[in-house]
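To keep things clear, I will list the structure first and then write my remarks on it.
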Amino acid sequence: MSTRTVTAGGREFELVAEPPRTSLTDDAHTLWGFNVTVREGGEVVAIKTCFVGRVTVQARHPEALQGTAEDIAGVVHRLAFDRIAEGLAAGEVDDALVFA
């Protein structure tokens, strides 16, 4: 499981990502989806349902598309964590869909 600690608005949050699930296709995967639990002080304060598209991965980390499932997981989690951190900094501490 991937995790990251984020400080936003004087509050500290822990982001915990589930393993990504892929789009169902016989071709190259085009979308990864997974939940990220947002915790504060050990308590769950939000669940972010995240979607990361192949175009985003290809534009920012094309090498991951040639790597292992772990390589993809690391990249899509980082992209989602970055987007969630932006939202937390803006005060968005609630359940939400996140597109990265």
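Labeling convention for the structure tokens: chains A, B, ... as they appear, residues from 1 per chain, ligands from 1 in order of appearance.
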Residue neighbourhood Ala59 in chain A, 12 Å, only C-alpha atoms, exclusion window fewer than 6 positions, as a list of chain:residue names: A:Val52, A:Gly53, A:Leu65, A:Val75, A:Leu79, A:Ala100
Write out the residues from the selection above, keeping C-alpha atoms, as a PDB file, in the first residue's frame.
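The resulting file, out-v3.pdb, is reproduced below:
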```pdb
ATOM      1  CA  VAL A  52      -5.898   8.280 -13.394  1.00  0.00           C
ATOM      2  CA  GLY A  53      -5.869   8.027 -17.174  1.00  0.00           C
ATOM      3  CA  LEU A  65       3.959   2.173 -18.942  1.00  0.00           C
ATOM      4  CA  VAL A  75       3.011   6.517 -10.452  1.00  0.00           C
ATOM      5  CA  LEU A  79      -0.401  11.589  -9.238  1.00  0.00           C
ATOM      6  CA  ALA A 100      -5.630  13.054 -11.952  1.00  0.00           C
TER       7      ALA A 100
END
```
Write out as a short mmCIF file (atom, residue, chain, number, x, y, z; two decimals) with N, CA and C atoms, in the first residue's frame all residues of chain A that backbone DSSP assigns to alpha helix (DSSP H).
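Below you can see result03.cif, which holds the result:
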```cif
data_model
loop_
_atom_site.label_atom_id
_atom_site.label_comp_id
_atom_site.auth_asym_id
_atom_site.auth_seq_id
_atom_site.Cartn_x
_atom_site.Cartn_y
_atom_site.Cartn_z
N ARG A 54 -4.49 6.94 -18.78
CA ARG A 54 -3.25 6.59 -19.47
C ARG A 54 -2.56 7.82 -20.06
N VAL A 55 -3.33 8.76 -20.59
CA VAL A 55 -2.73 9.95 -21.20
C VAL A 55 -1.92 10.73 -20.16
N THR A 56 -2.45 10.85 -18.95
CA THR A 56 -1.73 11.55 -17.88
C THR A 56 -0.43 10.83 -17.55
N VAL A 57 -0.50 9.52 -17.41
CA VAL A 57 0.71 8.75 -17.10
C VAL A 57 1.71 8.87 -18.24
N GLN A 58 1.23 8.74 -19.47
CA GLN A 58 2.12 8.82 -20.63
C GLN A 58 2.79 10.18 -20.73
N ALA A 59 2.08 11.24 -20.41
CA ALA A 59 2.63 12.60 -20.50
C ALA A 59 3.64 12.88 -19.39
N ARG A 60 3.43 12.33 -18.21
CA ARG A 60 4.28 12.68 -17.07
C ARG A 60 5.32 11.62 -16.72
N ALA A 69 3.62 -3.81 -12.76
CA ALA A 69 2.40 -3.33 -12.11
C ALA A 69 2.75 -2.44 -10.92
N GLU A 70 3.83 -2.75 -10.23
CA GLU A 70 4.28 -1.92 -9.10
C GLU A 70 4.71 -0.54 -9.58
N ASP A 71 5.35 -0.47 -10.74
CA ASP A 71 5.76 0.82 -11.30
C ASP A 71 4.52 1.68 -11.59
N ILE A 72 3.53 1.07 -12.21
CA ILE A 72 2.29 1.80 -12.52
C ILE A 72 1.62 2.25 -11.23
N ALA A 73 1.51 1.35 -10.25
CA ALA A 73 0.86 1.69 -8.98
C ALA A 73 1.53 2.88 -8.33
N GLY A 74 2.86 2.87 -8.29
CA GLY A 74 3.58 3.99 -7.68
C GLY A 74 3.28 5.31 -8.36
N VAL A 75 3.25 5.29 -9.69
CA VAL A 75 3.01 6.52 -10.45
C VAL A 75 1.57 7.01 -10.27
N VAL A 76 0.60 6.12 -10.43
CA VAL A 76 -0.79 6.59 -10.32
C VAL A 76 -1.11 7.04 -8.90
N HIS A 77 -0.52 6.40 -7.91
CA HIS A 77 -0.72 6.86 -6.53
C HIS A 77 -0.11 8.24 -6.32
N ARG A 78 1.10 8.46 -6.81
CA ARG A 78 1.73 9.79 -6.65
C ARG A 78 0.91 10.87 -7.32
N LEU A 79 0.41 10.60 -8.54
CA LEU A 79 -0.40 11.59 -9.24
C LEU A 79 -1.67 11.91 -8.46
N ALA A 80 -2.31 10.89 -7.92
CA ALA A 80 -3.53 11.11 -7.12
C ALA A 80 -3.20 11.85 -5.82
N PHE A 81 -2.12 11.45 -5.15
CA PHE A 81 -1.74 12.12 -3.90
C PHE A 81 -1.50 13.61 -4.14
N ASP A 82 -0.84 13.94 -5.25
CA ASP A 82 -0.59 15.35 -5.56
C ASP A 82 -1.90 16.11 -5.70
N ARG A 83 -2.86 15.53 -6.41
CA ARG A 83 -4.15 16.19 -6.62
C ARG A 83 -4.93 16.31 -5.31
N ILE A 84 -4.90 15.25 -4.49
CA ILE A 84 -5.59 15.29 -3.20
C ILE A 84 -4.96 16.34 -2.29
N ALA A 85 -3.63 16.43 -2.28
CA ALA A 85 -2.94 17.43 -1.46
C ALA A 85 -3.36 18.84 -1.85
N GLU A 86 -3.52 19.09 -3.14
CA GLU A 86 -4.00 20.40 -3.61
C GLU A 86 -5.39 20.69 -3.04
N GLY A 87 -6.26 19.69 -3.09
CA GLY A 87 -7.61 19.86 -2.56
C GLY A 87 -7.62 20.09 -1.07
N LEU A 88 -6.81 19.34 -0.33
CA LEU A 88 -6.74 19.53 1.12
C LEU A 88 -6.25 20.93 1.46
N ALA A 89 -5.28 21.42 0.71
CA ALA A 89 -4.78 22.78 0.92
C ALA A 89 -5.87 23.82 0.69
#
```
Secondary structure check, strand (DSSP E or B) residues of chain A, as an MDAnalysis selection string: chainID A and resid 2:8 11:17 21:22 31:40 43:53 96:99
Shell around Asn35 in chain A at 12 Å using only C-alpha atoms, local window under 2 positions removed, as a PyMOL selection string: chain A and resi 1-3+15-21+32-33+37-38+46-52+76-77+80-81+84+95-99
Between CA of Arg4 in chain A and CA of Val36 in chain A, distance in Å (one decimal): 10.4 Å
